>>> print(open('my_file-v4.txt').read())   # compact mmCIF, C-alpha atoms and all ligand atoms
# COMPACT_ATOMS: atom_id res chain seq x y z
CA MET A 1 0.00 0.00 0.00
CA LYS A 2 1.52 3.31 -1.13
CA ILE A 3 1.17 6.06 1.45
CA GLY A 4 1.76 9.76 0.76
CA ILE A 5 2.09 12.43 3.44
CA TYR A 6 0.70 15.86 2.65
CA PRO A 7 2.13 18.30 5.18
CA GLY A 8 1.13 21.91 5.68
CA THR A 9 -0.21 24.58 7.96
CA PHE A 10 -3.78 24.51 6.59
CA ASP A 11 -4.71 27.86 8.15
CA PRO A 12 -7.44 27.23 7.06
CA ILE A 13 -7.92 24.38 4.56
CA THR A 14 -8.98 25.71 1.12
CA HIS A 15 -10.33 24.13 -2.07
CA GLY A 16 -6.73 24.26 -3.33
CA HIS A 17 -5.65 21.85 -0.59
CA THR A 18 -8.68 19.62 -1.21
CA ASP A 19 -7.88 19.53 -4.91
CA ILE A 20 -4.33 18.33 -4.19
CA ILE A 21 -5.58 15.67 -1.75
CA THR A 22 -8.10 14.38 -4.31
CA ARG A 23 -5.42 14.21 -7.00
CA SER A 24 -3.02 12.46 -4.59
CA LEU A 25 -5.53 9.67 -4.15
CA ARG A 26 -5.11 8.83 -7.84
CA VAL A 27 -1.45 8.13 -7.14
CA PHE A 28 -1.42 6.86 -3.54
CA ASP A 29 -3.58 4.27 -1.82
CA LYS A 30 -3.69 6.39 1.30
CA VAL A 31 -2.95 10.06 2.02
CA VAL A 32 -2.03 11.31 5.46
CA VAL A 33 -2.73 15.01 5.84
CA ALA A 34 -0.18 16.14 8.42
CA VAL A 35 -0.99 19.45 10.05
CA ALA A 36 2.04 21.29 11.43
CA PRO A 37 1.83 23.72 14.36
CA ASN A 38 4.07 26.26 12.53
CA PRO A 39 3.96 28.94 15.24
CA SER A 40 6.41 31.05 13.23
CA LYS A 41 3.63 31.62 10.67
CA HIS A 42 1.38 33.01 13.43
CA PRO A 43 -1.65 30.98 12.34
CA LEU A 44 -5.12 32.45 12.81
CA PHE A 45 -6.41 29.08 14.04
CA ASN A 46 -4.66 26.94 16.63
CA LEU A 47 -3.51 23.42 15.80
CA ALA A 48 -6.60 21.70 17.24
CA GLU A 49 -8.89 24.01 15.27
CA ARG A 50 -6.99 23.45 12.02
CA LEU A 51 -7.02 19.69 12.53
CA GLU A 52 -10.74 19.73 13.19
CA MET A 53 -11.39 21.77 10.04
CA VAL A 54 -9.33 19.44 7.83
CA LYS A 55 -11.21 16.46 9.30
CA LEU A 56 -14.53 18.15 8.67
CA VAL A 57 -13.74 18.86 5.00
CA MET A 58 -12.18 15.46 4.39
CA SER A 59 -14.88 13.41 6.07
CA ASP A 60 -16.28 12.19 2.74
CA LEU A 61 -12.97 10.99 1.36
CA GLY A 62 -12.04 7.44 2.31
CA GLN A 63 -8.33 6.63 2.47
CA VAL A 64 -7.50 10.02 4.00
CA GLU A 65 -6.10 10.22 7.50
CA VAL A 66 -5.68 13.54 9.27
CA THR A 67 -3.05 13.96 11.95
CA ALA A 68 -0.78 16.51 13.62
CA PHE A 69 2.96 16.28 13.43
CA GLU A 70 5.81 18.07 15.11
CA GLY A 71 9.52 18.14 14.48
CA LEU A 72 11.39 17.22 11.35
CA LEU A 73 9.11 16.18 8.50
CA VAL A 74 11.44 13.48 7.16
CA ASP A 75 11.62 11.86 10.61
CA TYR A 76 7.85 11.76 10.68
CA VAL A 77 7.69 10.32 7.15
CA GLU A 78 10.16 7.57 8.04
CA ARG A 79 8.47 6.80 11.35
CA SER A 80 5.09 6.46 9.71
CA GLY A 81 6.31 4.14 6.96
CA ALA A 82 5.10 6.48 4.21
CA HIS A 83 6.60 6.47 0.72
CA ALA A 84 6.60 10.12 -0.27
CA ILE A 85 5.92 13.70 0.70
CA ILE A 86 3.20 15.38 -1.36
CA ARG A 87 3.37 19.10 -2.08
CA GLY A 88 1.24 21.34 -4.24
CA LEU A 89 2.84 23.59 -6.83
CA ARG A 90 0.84 26.61 -7.79
CA ALA A 91 2.80 29.22 -9.68
CA ILE A 92 6.48 29.49 -10.44
CA SER A 93 6.73 31.51 -7.22
CA ASP A 94 6.27 28.30 -5.21
CA PHE A 95 9.08 26.60 -7.04
CA GLU A 96 12.16 28.04 -5.40
CA HIS A 97 11.07 27.33 -1.85
CA GLU A 98 9.71 23.89 -2.70
CA PHE A 99 12.86 22.97 -4.61
CA GLN A 100 14.99 23.93 -1.62
CA MET A 101 12.80 21.98 0.81
CA ALA A 102 12.73 18.87 -1.37
CA LEU A 103 16.51 18.83 -1.73
CA ILE A 104 17.14 19.46 1.96
CA ASN A 105 14.73 16.67 2.82
CA ARG A 106 16.47 14.35 0.37
CA ARG A 107 19.80 15.21 1.97
CA LEU A 108 18.38 14.40 5.40
CA ALA A 109 16.71 11.17 4.28
CA LYS A 110 17.71 10.06 0.81
CA GLN A 111 15.01 7.41 0.45
CA VAL A 112 12.19 9.94 0.98
CA GLU A 113 10.85 11.28 -2.32
CA THR A 114 8.82 14.47 -2.77
CA VAL A 115 5.99 14.37 -5.29
CA PHE A 116 4.62 17.64 -6.68
CA LEU A 117 1.10 17.95 -7.95
CA MET A 118 -0.46 20.88 -9.75
CA PRO A 119 -3.94 22.01 -8.78
CA SER A 120 -6.79 22.72 -11.11
CA GLU A 121 -6.27 26.10 -12.83
CA GLU A 122 -9.09 27.67 -10.88
CA TYR A 123 -7.15 27.13 -7.65
CA SER A 124 -3.70 27.96 -8.95
CA TYR A 125 -3.79 31.44 -7.42
CA LEU A 126 -5.37 30.37 -4.15
CA SER A 127 -3.56 30.44 -0.82
CA SER A 128 -4.73 30.50 2.79
CA THR A 129 -2.99 33.86 3.16
CA ILE A 130 -4.86 35.52 0.31
CA ILE A 131 -8.15 34.07 1.50
CA LYS A 132 -7.60 35.50 4.97
CA ASP A 133 -7.03 38.85 3.29
CA VAL A 134 -10.25 38.52 1.28
CA ALA A 135 -12.16 37.56 4.44
CA ASN A 136 -10.63 40.44 6.35
CA HIS A 137 -12.05 42.84 3.78
CA GLY A 138 -15.47 41.21 3.73
CA GLY A 139 -15.12 39.47 0.32
CA ALA A 140 -17.13 36.42 -0.75
CA LEU A 141 -15.48 33.12 0.18
CA THR A 142 -17.87 30.63 -1.44
CA ASP A 143 -15.59 29.79 -4.39
CA PHE A 144 -12.60 29.05 -2.19
CA LEU A 145 -13.69 27.43 1.06
CA HIS A 146 -16.07 24.79 2.38
CA PRO A 147 -19.10 26.72 3.76
CA GLU A 148 -18.40 25.74 7.36
CA ILE A 149 -14.76 26.80 7.04
CA ALA A 150 -15.88 30.11 5.54
CA ARG A 151 -18.24 30.59 8.48
CA ARG A 152 -15.47 29.88 11.02
CA LEU A 153 -13.03 32.18 9.26
CA LYS A 154 -15.49 35.06 9.18
CA GLU A 155 -16.32 34.48 12.84
CA ARG A 156 -12.63 34.43 13.82
CA ILE A 157 -11.93 37.63 11.93
CA ARG A 158 -14.97 39.30 13.49
CA SER A 159 -13.81 38.28 16.96
CA LEU A 160 -10.40 39.84 16.38
CA LYS A 161 -11.72 43.19 15.23
CA PRO A 162 -11.95 45.89 17.90
P1 LIG B 1 2.89 25.40 4.25
O1 LIG B 1 3.05 26.24 5.46
O2 LIG B 1 3.53 24.06 4.35
O3 LIG B 1 3.22 26.09 2.95
P2 LIG B 1 0.15 25.45 3.39
O4 LIG B 1 -1.04 25.00 4.15
O5 LIG B 1 0.21 26.88 2.99
O6 LIG B 1 1.36 25.05 4.30
O7 LIG B 1 0.34 24.55 2.10
C1 LIG B 1 0.49 23.16 2.18
C2 LIG B 1 0.78 22.64 0.80
O8 LIG B 1 -0.36 22.87 -0.02
C3 LIG B 1 1.94 23.31 0.07
O9 LIG B 1 2.58 22.33 -0.74
C4 LIG B 1 1.27 24.33 -0.79
O10 LIG B 1 2.04 24.65 -1.92
C5 LIG B 1 0.02 23.58 -1.18
N1 LIG B 1 -1.08 24.45 -1.56
C6 LIG B 1 -1.69 25.41 -0.86
N2 LIG B 1 -2.64 26.02 -1.57
C7 LIG B 1 -2.65 25.40 -2.77
C8 LIG B 1 -3.39 25.57 -3.98
N3 LIG B 1 -4.30 26.53 -4.11
N4 LIG B 1 -3.11 24.77 -5.00
C9 LIG B 1 -2.14 23.82 -4.88
N5 LIG B 1 -1.41 23.61 -3.82
C10 LIG B 1 -1.65 24.40 -2.76
>>> encode(input="my_file-v4.txt", output="structure tokens", more="lines below")
Ligand code: ADP
Amino acid sequence: MKIGIYPGTFDPITHGHTDIITRSLRVFDKVVVAVAPNPSKHPLFNLAERLEMVKLVMSDLGQVEVTAFEGLLVDYVERSGAHAIIRGLRAISDFEHEFQMALINRRLAKQVETVFLMPSEEYSYLSSTIIKDVANHGGALTDFLHPEIARRLKERIRSLKP
């Protein structure tokens, strides 16, 4: 059974992430979505909230496991017996950072491969950061987020406003 690990911050999960997970299931028998705490990114939602949201959105997809992970990604990949790291590539702007990460990870654990998948064109400009910006300015979120995630994001932003 081929297992892929899809790591990220998922602050919050968008249709772009879901698209990559769906595509991954055409390549892997099982996908583990690994949510990282990433405090340096100052996430809007805490780890438990982000995990819960990923689980909520992924509830219909069999063969998807959602978990939290801490520490070095390659250690986690090796520990869990997975075969590859899955990453999404949107625009060329993602490339440099992803290239660097993939090569560092290979250096740290040479048997761990990174697989890049491209999202559907309609999500190729989508990021959690830009969506938080849209939400912050009261824009419509229906094309980008699961309705419950959109509701939680709006509520969080409202609660942070003075
Ligand atoms: P990270 O902090 O690891 O970048 P993210 O949650 O922002 O966490 O992204 C996790 C992964 O999902 C990354 O590989 C990122 O490139 C990918 N990703 C995010 N949004 C999209 C999208 N709209 N289309 C394709 N891949 C995406």
>>> closest_residue(input="my_file-v4.txt", among="A:Ala82, A:Leu126, A:Ile13, A:Val32", to="Glu52 in chain A", atoms="all atoms listed in the file")
A:Ile13
>>> residues_near_ligand(input="my_file-v4.txt", ligand="ligand LIG 1 (chain B)", cutoff="6 Å", atoms="only C-alpha atoms and all ligand atoms", output="JSON, numbers by chain")
{"A": [7, 8, 9, 10, 16, 17, 20, 87, 88, 89, 90, 118, 119, 123, 124, 125, 126, 127]}
>>> residues_around(input="my_file-v4.txt", residues="His83 in chain A", least_positions_apart="5", cutoff="10 Å", atoms="only C-alpha atoms", output="PyMOL selection string")
chain A and resi 1-5+28+77-78+111-115
>>> closest_residue(input="my_file-v4.txt", among="A:Thr22, A:Thr129, A:Asn105, A:Gln63", to="Lys41 in chain A", atoms="only C-alpha atoms")
A:Thr129
>>> residues_near_point(input="my_file-v4.txt", point="(-10.0, 11.6, 8.0)", cutoff="12 Å", atoms="all atoms listed in the file", output="mmCIF file with C-alpha atoms, in the frame of the given file")
data_model
loop_
_atom_site.group_PDB
_atom_site.id
_atom_site.type_symbol
_atom_site.label_atom_id
_atom_site.label_comp_id
_atom_site.auth_asym_id
_atom_site.auth_seq_id
_atom_site.Cartn_x
_atom_site.Cartn_y
_atom_site.Cartn_z
ATOM 1 C CA ILE A 21 -5.580 15.670 -1.750
ATOM 2 C CA LYS A 30 -3.690 6.390 1.300
ATOM 3 C CA VAL A 31 -2.950 10.060 2.020
ATOM 4 C CA VAL A 32 -2.030 11.310 5.460
ATOM 5 C CA VAL A 33 -2.730 15.010 5.840
ATOM 6 C CA ALA A 34 -0.180 16.140 8.420
ATOM 7 C CA LEU A 51 -7.020 19.690 12.530
ATOM 8 C CA GLU A 52 -10.740 19.730 13.190
ATOM 9 C CA MET A 53 -11.390 21.770 10.040
ATOM 10 C CA VAL A 54 -9.330 19.440 7.830
ATOM 11 C CA LYS A 55 -11.210 16.460 9.300
ATOM 12 C CA LEU A 56 -14.530 18.150 8.670
ATOM 13 C CA VAL A 57 -13.740 18.860 5.000
ATOM 14 C CA MET A 58 -12.180 15.460 4.390
ATOM 15 C CA SER A 59 -14.880 13.410 6.070
ATOM 16 C CA ASP A 60 -16.280 12.190 2.740
ATOM 17 C CA LEU A 61 -12.970 10.990 1.360
ATOM 18 C CA GLY A 62 -12.040 7.440 2.310
ATOM 19 C CA GLN A 63 -8.330 6.630 2.470
ATOM 20 C CA VAL A 64 -7.500 10.020 4.000
ATOM 21 C CA GLU A 65 -6.100 10.220 7.500
ATOM 22 C CA VAL A 66 -5.680 13.540 9.270
ATOM 23 C CA THR A 67 -3.050 13.960 11.950
ATOM 24 C CA ALA A 68 -0.780 16.510 13.620
#
>>> closest_residue(input="my_file-v4.txt", among="A:Val74, A:Ala150, A:Ile92, A:Leu44", to="Ile104 in chain A", atoms="only C-alpha atoms")
A:Val74
>>> build_atoms(input="my_file-v4.txt", residues="range 30-47 of chain A", atoms="N, CA and C atoms", output="mmCIF file, in the coordinates of the input")
data_model
loop_
_atom_site.group_PDB
_atom_site.id
_atom_site.type_symbol
_atom_site.label_atom_id
_atom_site.label_comp_id
_atom_site.auth_asym_id
_atom_site.auth_seq_id
_atom_site.Cartn_x
_atom_site.Cartn_y
_atom_site.Cartn_z
ATOM 1 N N LYS A 30 -3.242 5.679 0.095
ATOM 2 C CA LYS A 30 -3.690 6.390 1.300
ATOM 3 C C LYS A 30 -2.915 7.699 1.395
ATOM 4 N N VAL A 31 -3.612 8.763 1.836
ATOM 5 C CA VAL A 31 -2.950 10.060 2.020
ATOM 6 C C VAL A 31 -3.124 10.477 3.475
ATOM 7 N N VAL A 32 -1.990 10.805 4.090
ATOM 8 C CA VAL A 32 -2.030 11.310 5.460
ATOM 9 C C VAL A 32 -1.839 12.813 5.399
ATOM 10 N N VAL A 33 -2.850 13.545 5.796
ATOM 11 C CA VAL A 33 -2.730 15.010 5.840
ATOM 12 C C VAL A 33 -2.124 15.338 7.196
ATOM 13 N N ALA A 34 -0.926 15.902 7.175
ATOM 14 C CA ALA A 34 -0.180 16.140 8.420
ATOM 15 C C ALA A 34 -0.149 17.641 8.696
ATOM 16 N N VAL A 35 -0.851 18.031 9.733
ATOM 17 C CA VAL A 35 -0.990 19.450 10.050
ATOM 18 C C VAL A 35 0.124 19.856 11.019
ATOM 19 N N ALA A 36 0.901 20.860 10.612
ATOM 20 C CA ALA A 36 2.040 21.290 11.430
ATOM 21 C C ALA A 36 1.650 22.496 12.277
ATOM 22 N N PRO A 37 2.177 22.565 13.507
ATOM 23 C CA PRO A 37 1.830 23.720 14.360
ATOM 24 C C PRO A 37 2.294 25.047 13.736
ATOM 25 N N ASN A 38 3.512 25.077 13.196
ATOM 26 C CA ASN A 38 4.070 26.260 12.530
ATOM 27 C C ASN A 38 3.819 27.583 13.245
ATOM 28 N N PRO A 39 4.222 27.696 14.516
ATOM 29 C CA PRO A 39 3.960 28.940 15.240
ATOM 30 C C PRO A 39 4.630 30.156 14.591
ATOM 31 N N SER A 40 5.709 29.916 13.854
ATOM 32 C CA SER A 40 6.410 31.050 13.230
ATOM 33 C C SER A 40 5.554 31.723 12.167
ATOM 34 N N LYS A 41 4.535 31.019 11.667
ATOM 35 C CA LYS A 41 3.630 31.620 10.670
ATOM 36 C C LYS A 41 2.478 32.366 11.338
ATOM 37 N N HIS A 42 2.457 32.359 12.650
ATOM 38 C CA HIS A 42 1.380 33.010 13.430
ATOM 39 C C HIS A 42 0.002 32.669 12.885
ATOM 40 N N PRO A 43 -0.355 31.386 12.918
ATOM 41 C CA PRO A 43 -1.650 30.980 12.340
ATOM 42 C C PRO A 43 -2.833 31.643 13.058
ATOM 43 N N LEU A 44 -3.893 31.845 12.286
ATOM 44 C CA LEU A 44 -5.120 32.450 12.810
ATOM 45 C C LEU A 44 -5.873 31.432 13.670
ATOM 46 N N PHE A 45 -5.740 30.155 13.305
ATOM 47 C CA PHE A 45 -6.410 29.080 14.040
ATOM 48 C C PHE A 45 -5.339 28.231 14.734
ATOM 49 N N ASN A 46 -5.651 27.780 15.952
ATOM 50 C CA ASN A 46 -4.660 26.940 16.630
ATOM 51 C C ASN A 46 -4.643 25.533 16.004
ATOM 52 N N LEU A 47 -3.702 24.733 16.436
ATOM 53 C CA LEU A 47 -3.510 23.420 15.800
ATOM 54 C C LEU A 47 -4.774 22.556 15.894
#
